[in-house]
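Working notes for the structure below.
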Amino acid sequence: MTAQLIDKPSRSLPVLPAADFDFDKVSVAAASNSRLKAAVNNGVVRQDRGRVAKLAELPDSDALRSLAGDIKQHTLDYLDYYLVQLKASVELRGGHVHFAKTADDATQLILKIASDANVKSIIKSKSMVSEEIELAHSFEKAGFDVVETDLGEFIVQIDHDKPSHLVTPIIHKDLASIAELFSKYFGTPYNDDPNFLTKQARVYLRAKFRQADMGMTGGNFIVAQTGEICVVENEGNARQSVTSPRVLVSLIGIEKLVPRLDDLSVMLKLLARSATGQAMTVYTSLFTGPRPQGDTDGPEEFHLVLMDNGRSEILASEEYRETLRCIRCGACLNACPIYRSIGGHAYGSVYPGPIGALVTPLMQGLAHFSDLPKASSLCGACYDACPVKINIPKHLISLRRDMVNQNITGRFEQGVYRLWSRMLLSPGLYRTNLKLQKAMRFIAKKGFIRWTPPPASGWTKVRDIPQPAKQTFGEWWKKNR
Amino acid sequence: MQKRAALFVTCLTDQFYPRTGIAITKILEKLGWSVEFPPDQTCCGQPFYNNGFTEESARLARRFIEIFEPFDYIVTPSGSCCAMVREQFHQLFHNDAQWAPRMENVRHKTFEFVEFLTKVVKFDPATVSLPETDTFTYHYTCHLRSLGIHDEGVEFLRKIGNVDFKPMNKADQCCGFGGTFAIKYPAISGAMVQDKLDNLKATGAATTICNDAGCTMNIAGMCNRHQVKTNVTHIAEVMAKAMKIELPDI
């Protein structure tokens with residue numbers, strides 16, 4: 001059964017300690033934080049509209065999304081084959097390939113690569129998978145001089161914060177808070193001119209680029225046939241990480257493969273459009289390993305670390321495998337009214353938003369993250385936005401089903417639903433119940449009820465409830481037809 | 001022979017907005033249809049399906065199929081209940097040799113009201129007109145998404161005579177209803193319906209069209225709590241007015 005497959009607490013939990021995660025508390029605080037909501041909405045609504053506009057420029061974006069979904073699904077269905085092919089392709093070009101089962105394995109592997117190569121300073125480009133295992137912290141703890149070179153991630157790093165969005169990590173921050181942070185960190189007077197702030201970071205990072213021994217990247221896609229790794233970005237920092245240091249390490253999730261370069265072109269048509277509403281990002285880098293003899297730039301040593309960390313358990317479930325299609329574009333976050341209301345941190349994981357509400361419980365245990373699949377109105381905006389057509393609402397419902405089957409959903413709640421469904425199986429009981437509920441009209445004022453007892457009190461906390469009509473439709477029909 | 005349509009009124013419309021059901025009945029009758037109301041109907045099972053109670057929802061779904069399969073068409077005022085029949089019934093029964101064909105038969109003849117008027121009746125809303133000009137805005141109910149419906153409702157509304165349409169910002173963003181979600185997560189649902197209220201207020205429209213009873217209860221309840229004077233109603237009630245159909249005050 002898939003239910004058993006997905007809920008194994010034995011694995012080391014990579015992100016936040018699950019036991020401390022109190023969704024209710026965090027989400028209530030977030031939903032009432034108007035500064036947070038304004039910052040998040042400003043960003044994501046613009047990106048969402050950009051996506052819609054840019055996709056409309058394509059002749060048939062819907063067909064392209066289907067194709068992209070099929071490509072990813074096919075790759076996942078035959079992942080064993082493509083991983084072997086990829087390993088051979090990378091090794092043919094002189095790179096080293098490592099497989100890491102867990103977050104801890106990946107961290108230890110990468111730390112060893114760095115110390116074996118006598119590395120002192122590391123420049124890191126933005127990567128969700130390294131956030132997943134909190135790699136920068138491990139580098140720091142082990143005594144390496146590590147700097148995040150993506151501007152957003154740099155801000156996260158110096159503020160000891162966490163990213164709240166897959167693509168735009170500091171979408172929860174506004175300009176003033178960044179200006180304050182820079183003033184404190186660099187010891188310069190407060191200045192909230194974005195150009196000034198960007199230049200300040202640029203000068204600081206340039207020096208780091210020049211002295212770094214090791215570059216650390218993720219990868220948006222890896223091409224199994226050629227061993228090429230594709231990284232897209234807008235700032236040029238990832239390209240710096242790939243070209244200037246003598247050692248290069250790319251940490252990538254095993255689900256990021258595509259079979260051929262042709263398939264990559266399909267993905268690239270969709271990724272930037274879906275993420276930021278750009279036809280293409282400013283930089284699209286393809287790299288293949290150590291510099292060939294005679295070349296003037298590129299690393300002397302290249303390591304590809306392919307990490308599992310719970311992915312193969314999702315892969316083993318035919319039902320949930322589809323969720324691994326995700327290309328981390330963030331379109332579902334941008335479109336999601338829940339994400340727009342609470343931001344990314346409330347999800348308690350590096351993967352927030354609708355896709356996070358799926359993969360976090362799947363990777364880290366449904367029991368620990370039982371609120372995430374439930375805290376959705378199932379509006380379907382995410383499915384509409386997804387460039388690889390992951391049916392997110394459907395999977396959220398399946399996780400709710402698993403919670404019922406595993407008794408993660410409380411017995412009392414189950415009892416209420418079962419009793420309610422019994423009542424609906426009998427038209428007589430149903431009609432009687434409608435009659436009885438008309439009693440609510442006695443406490444209504446001008447057609448609305450302002451207070452209800454639990455469990456319905458959640459409704460009247462926020463809004464009134466219309467009173468039942470004097471006559472139900474059924475009663476009207478009986479009298480008039 | 002007169003064409004027969006069965007009205008699937010849905011539990012919330014039955015109890016809270018019977019005028020919508022009456023409007024649909026009288027509109028279709030005026031357009032030459034024979035409307036029937038199978039009296040044993042209750043619920044399609046959507047709340048159970050959405051909350052993971054697959055077995056309970058399947059039981060209600062089988063009941064729904066038995067009740068509605070004899071009719072030529074099934075018409076419902078609610079997009080989300082329509083989506084339950086058209087999309088989720090498929091999830092429940094596509095591997096069930098006994099029920100799959102019966103489910104397929106029912107799902108292919110179930111229509112949301114506006115969709116039914118447009119696709120089956122081929123009714124032209126430009127042929128009817130309100131007695132005087134009034135301002136309207138429109139909330140995109142989410143479940144129309146899974147039916148592949150987007151702007152059709154607005155286009156339909158705008159064609160009715162004397163409709164002064166006021167577009168709403170983020171019209172296609174969920175109002176925060178989501179069934180039991182609104183009760184379980186009041187803070188999040190509250191932030192969502194607040195956003196809807198702000199955008200709705202900004203249109204200044206006298207009437208907000210919302211073709212789903214659950215969303216209507218949510219938006220109207222929020223408007224009442226904050227004393228925002230707008231009439232939140234189903235398009236069938238506006239059409240009834242435009243077609244000079246009397247609706248009882250119940």
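Numbering starts fresh at 1 for the residues of each chain in the structure tokens, the chains themselves are lettered A, B, ... in the order given, and ligands are numbered from 1 as they appear.
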Residues of chain B within 7 Å of chain A, only C-alpha atoms counted, as a PyMOL selection string:
chain B and resi 14-18+21+40-43+50-54+56+60+142-143+145+173-174+176-178+181-188+190-192+217+221-222+224-225+250
Test item, strand (DSSP E) assignment across region 216-377 of chain A, answer as an MDAnalysis selection string:
chainID A and resid 216:217 221:223 229:233 247:253 257:258 283:287 301:307
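Considering only C-alpha atoms, the residue among B:Cys81, B:Leu247, B:Met168, B:Ile160 positioned nearest to Thr13 (chain B) is B:Cys81.
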Residues within 12 Å of Leu117 (chain B), please, as JSON, numbers by chain. Count only C-alpha atoms; anything in the same chain fewer than 2 positions from it doesn't count.
{"B": [5, 24, 27, 28, 31, 33, 73, 75, 76, 77, 111, 112, 113, 114, 115, 119, 120, 121, 122, 123, 124, 125, 152, 153, 156, 235, 236, 239]}
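Residue nearest Ile155 (chain A) within the list A:Ile252, A:Ile443, A:Val223, A:Ala201: A:Ala201 [criterion: smallest interatomic distance, only C-alpha atoms].
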Write out as a VMD selection string the set of residues from region 157-234 of chain B that DSSP, computed on the backbone, places in alpha helix (DSSP H).
chain B and resid 157 to 159 181 to 184 186 to 203 213 to 225
Could you turn the residues from that selection into a file that holds N, CA, C and O atoms, as a compact mmCIF listing (two decimals), in the first residue's frame?
```txt
# COMPACT_ATOMS: atom_id res chain seq x y z
N LEU B 157 -23.08 37.17 -18.76
CA LEU B 157 -23.68 38.27 -17.97
C LEU B 157 -23.66 39.58 -18.75
O LEU B 157 -24.65 40.32 -18.78
N ARG B 158 -22.54 39.87 -19.38
CA ARG B 158 -22.37 41.17 -20.06
C ARG B 158 -23.30 41.32 -21.25
O ARG B 158 -23.57 42.44 -21.69
N LYS B 159 -23.76 40.19 -21.79
CA LYS B 159 -24.64 40.27 -22.97
C LYS B 159 -26.08 40.60 -22.58
O LYS B 159 -26.86 41.06 -23.42
N PHE B 181 -12.98 23.84 4.99
CA PHE B 181 -11.77 24.66 5.13
C PHE B 181 -12.08 25.98 5.84
O PHE B 181 -11.32 26.44 6.70
N ALA B 182 -13.24 26.59 5.51
CA ALA B 182 -13.61 27.89 6.08
C ALA B 182 -13.82 27.80 7.59
O ALA B 182 -13.63 28.77 8.30
N ILE B 183 -14.19 26.62 8.05
CA ILE B 183 -14.44 26.43 9.48
C ILE B 183 -13.16 26.02 10.20
O ILE B 183 -12.87 26.46 11.30
N LYS B 184 -12.36 25.17 9.52
CA LYS B 184 -11.15 24.64 10.15
C LYS B 184 -10.02 25.66 10.22
O LYS B 184 -9.21 25.63 11.12
N PRO B 186 -10.07 29.38 10.06
CA PRO B 186 -10.71 30.68 9.94
C PRO B 186 -9.74 31.84 9.66
O PRO B 186 -10.12 32.79 8.96
N ALA B 187 -8.52 31.76 10.18
CA ALA B 187 -7.60 32.87 9.96
C ALA B 187 -7.22 32.98 8.49
O ALA B 187 -7.22 34.08 7.91
N ILE B 188 -6.91 31.85 7.87
CA ILE B 188 -6.51 31.87 6.46
C ILE B 188 -7.72 32.18 5.58
O ILE B 188 -7.67 33.06 4.71
N SER B 189 -8.80 31.47 5.83
CA SER B 189 -10.02 31.71 5.07
C SER B 189 -10.47 33.16 5.25
O SER B 189 -10.93 33.80 4.30
N GLY B 190 -10.30 33.68 6.46
CA GLY B 190 -10.68 35.07 6.75
C GLY B 190 -9.85 36.06 5.95
O GLY B 190 -10.37 37.05 5.43
N ALA B 191 -8.53 35.79 5.84
CA ALA B 191 -7.67 36.68 5.05
C ALA B 191 -8.10 36.65 3.59
O ALA B 191 -8.08 37.67 2.89
N MET B 192 -8.51 35.47 3.12
CA MET B 192 -8.91 35.34 1.71
C MET B 192 -10.21 36.07 1.44
O MET B 192 -10.35 36.79 0.44
N VAL B 193 -11.19 35.92 2.33
CA VAL B 193 -12.48 36.56 2.07
C VAL B 193 -12.39 38.07 2.31
O VAL B 193 -13.10 38.86 1.68
N GLN B 194 -11.44 38.47 3.17
CA GLN B 194 -11.20 39.91 3.34
C GLN B 194 -10.68 40.51 2.03
O GLN B 194 -11.13 41.59 1.61
N ASP B 195 -9.75 39.81 1.40
CA ASP B 195 -9.21 40.26 0.12
C ASP B 195 -10.33 40.36 -0.92
O ASP B 195 -10.41 41.33 -1.68
N LYS B 196 -11.20 39.35 -0.91
CA LYS B 196 -12.34 39.36 -1.85
C LYS B 196 -13.25 40.55 -1.57
O LYS B 196 -13.68 41.26 -2.48
N LEU B 197 -13.51 40.79 -0.29
CA LEU B 197 -14.38 41.90 0.09
C LEU B 197 -13.78 43.23 -0.37
O LEU B 197 -14.49 44.08 -0.94
N ASP B 198 -12.47 43.41 -0.16
CA ASP B 198 -11.82 44.66 -0.56
C ASP B 198 -11.94 44.88 -2.07
O ASP B 198 -12.24 45.99 -2.53
N ASN B 199 -11.70 43.82 -2.82
CA ASN B 199 -11.77 43.94 -4.28
C ASN B 199 -13.19 44.16 -4.77
O ASN B 199 -13.42 44.90 -5.73
N LEU B 200 -14.11 43.53 -4.08
CA LEU B 200 -15.53 43.66 -4.45
C LEU B 200 -16.02 45.09 -4.16
O LEU B 200 -16.69 45.71 -4.99
N LYS B 201 -15.64 45.60 -2.99
CA LYS B 201 -16.02 46.97 -2.62
C LYS B 201 -15.51 47.97 -3.64
O LYS B 201 -16.19 48.93 -3.99
N ALA B 202 -14.27 47.73 -4.10
CA ALA B 202 -13.64 48.68 -5.02
C ALA B 202 -14.40 48.77 -6.35
O ALA B 202 -14.28 49.79 -7.06
N THR B 203 -15.17 47.76 -6.71
CA THR B 203 -15.91 47.83 -7.97
C THR B 203 -17.11 48.77 -7.84
O THR B 203 -17.57 49.32 -8.83
N ALA B 213 -23.45 28.25 -4.31
CA ALA B 213 -24.08 28.65 -3.04
C ALA B 213 -23.09 28.77 -1.90
O ALA B 213 -23.21 29.67 -1.06
N GLY B 214 -22.08 27.91 -1.86
CA GLY B 214 -21.10 27.96 -0.78
C GLY B 214 -20.34 29.28 -0.79
O GLY B 214 -20.22 29.96 0.24
N CYS B 215 -19.83 29.65 -1.97
CA CYS B 215 -19.10 30.91 -2.10
C CYS B 215 -20.02 32.08 -1.79
O CYS B 215 -19.61 33.05 -1.15
N THR B 216 -21.29 31.99 -2.21
CA THR B 216 -22.24 33.06 -1.95
C THR B 216 -22.44 33.25 -0.45
O THR B 216 -22.45 34.38 0.05
N MET B 217 -22.58 32.14 0.27
CA MET B 217 -22.75 32.24 1.73
C MET B 217 -21.54 32.91 2.36
O MET B 217 -21.67 33.72 3.28
N ASN B 218 -20.36 32.56 1.87
CA ASN B 218 -19.12 33.12 2.41
C ASN B 218 -19.02 34.62 2.13
O ASN B 218 -18.80 35.43 3.03
N ILE B 219 -19.23 34.99 0.87
CA ILE B 219 -19.06 36.39 0.48
C ILE B 219 -20.19 37.25 1.08
O ILE B 219 -19.94 38.32 1.64
N ALA B 220 -21.42 36.75 0.99
CA ALA B 220 -22.55 37.51 1.54
C ALA B 220 -22.42 37.65 3.05
O ALA B 220 -22.71 38.71 3.62
N GLY B 221 -21.96 36.58 3.72
CA GLY B 221 -21.77 36.62 5.17
C GLY B 221 -20.71 37.63 5.56
O GLY B 221 -20.82 38.31 6.58
N MET B 222 -19.66 37.73 4.75
CA MET B 222 -18.59 38.70 5.01
C MET B 222 -19.09 40.12 4.77
O MET B 222 -18.80 41.03 5.55
N CYS B 223 -19.84 40.30 3.68
CA CYS B 223 -20.40 41.63 3.38
C CYS B 223 -21.29 42.08 4.53
O CYS B 223 -21.24 43.23 4.96
N ASN B 224 -22.10 41.15 5.04
CA ASN B 224 -23.02 41.52 6.13
C ASN B 224 -22.25 41.87 7.40
O ASN B 224 -22.57 42.84 8.07
N ARG B 225 -21.21 41.08 7.69
CA ARG B 225 -20.41 41.35 8.90
C ARG B 225 -19.80 42.75 8.83
O ARG B 225 -19.71 43.44 9.83
```
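Residues in contact with Lys3 (chain B) at 10 Å, where only C-alpha atoms are counted and same-chain residues fewer than 4 positions away are skipped, are listed as Gly32, Trp33, Ser34, Val35, Phe71, Asp72 and Tyr73 of chain B.
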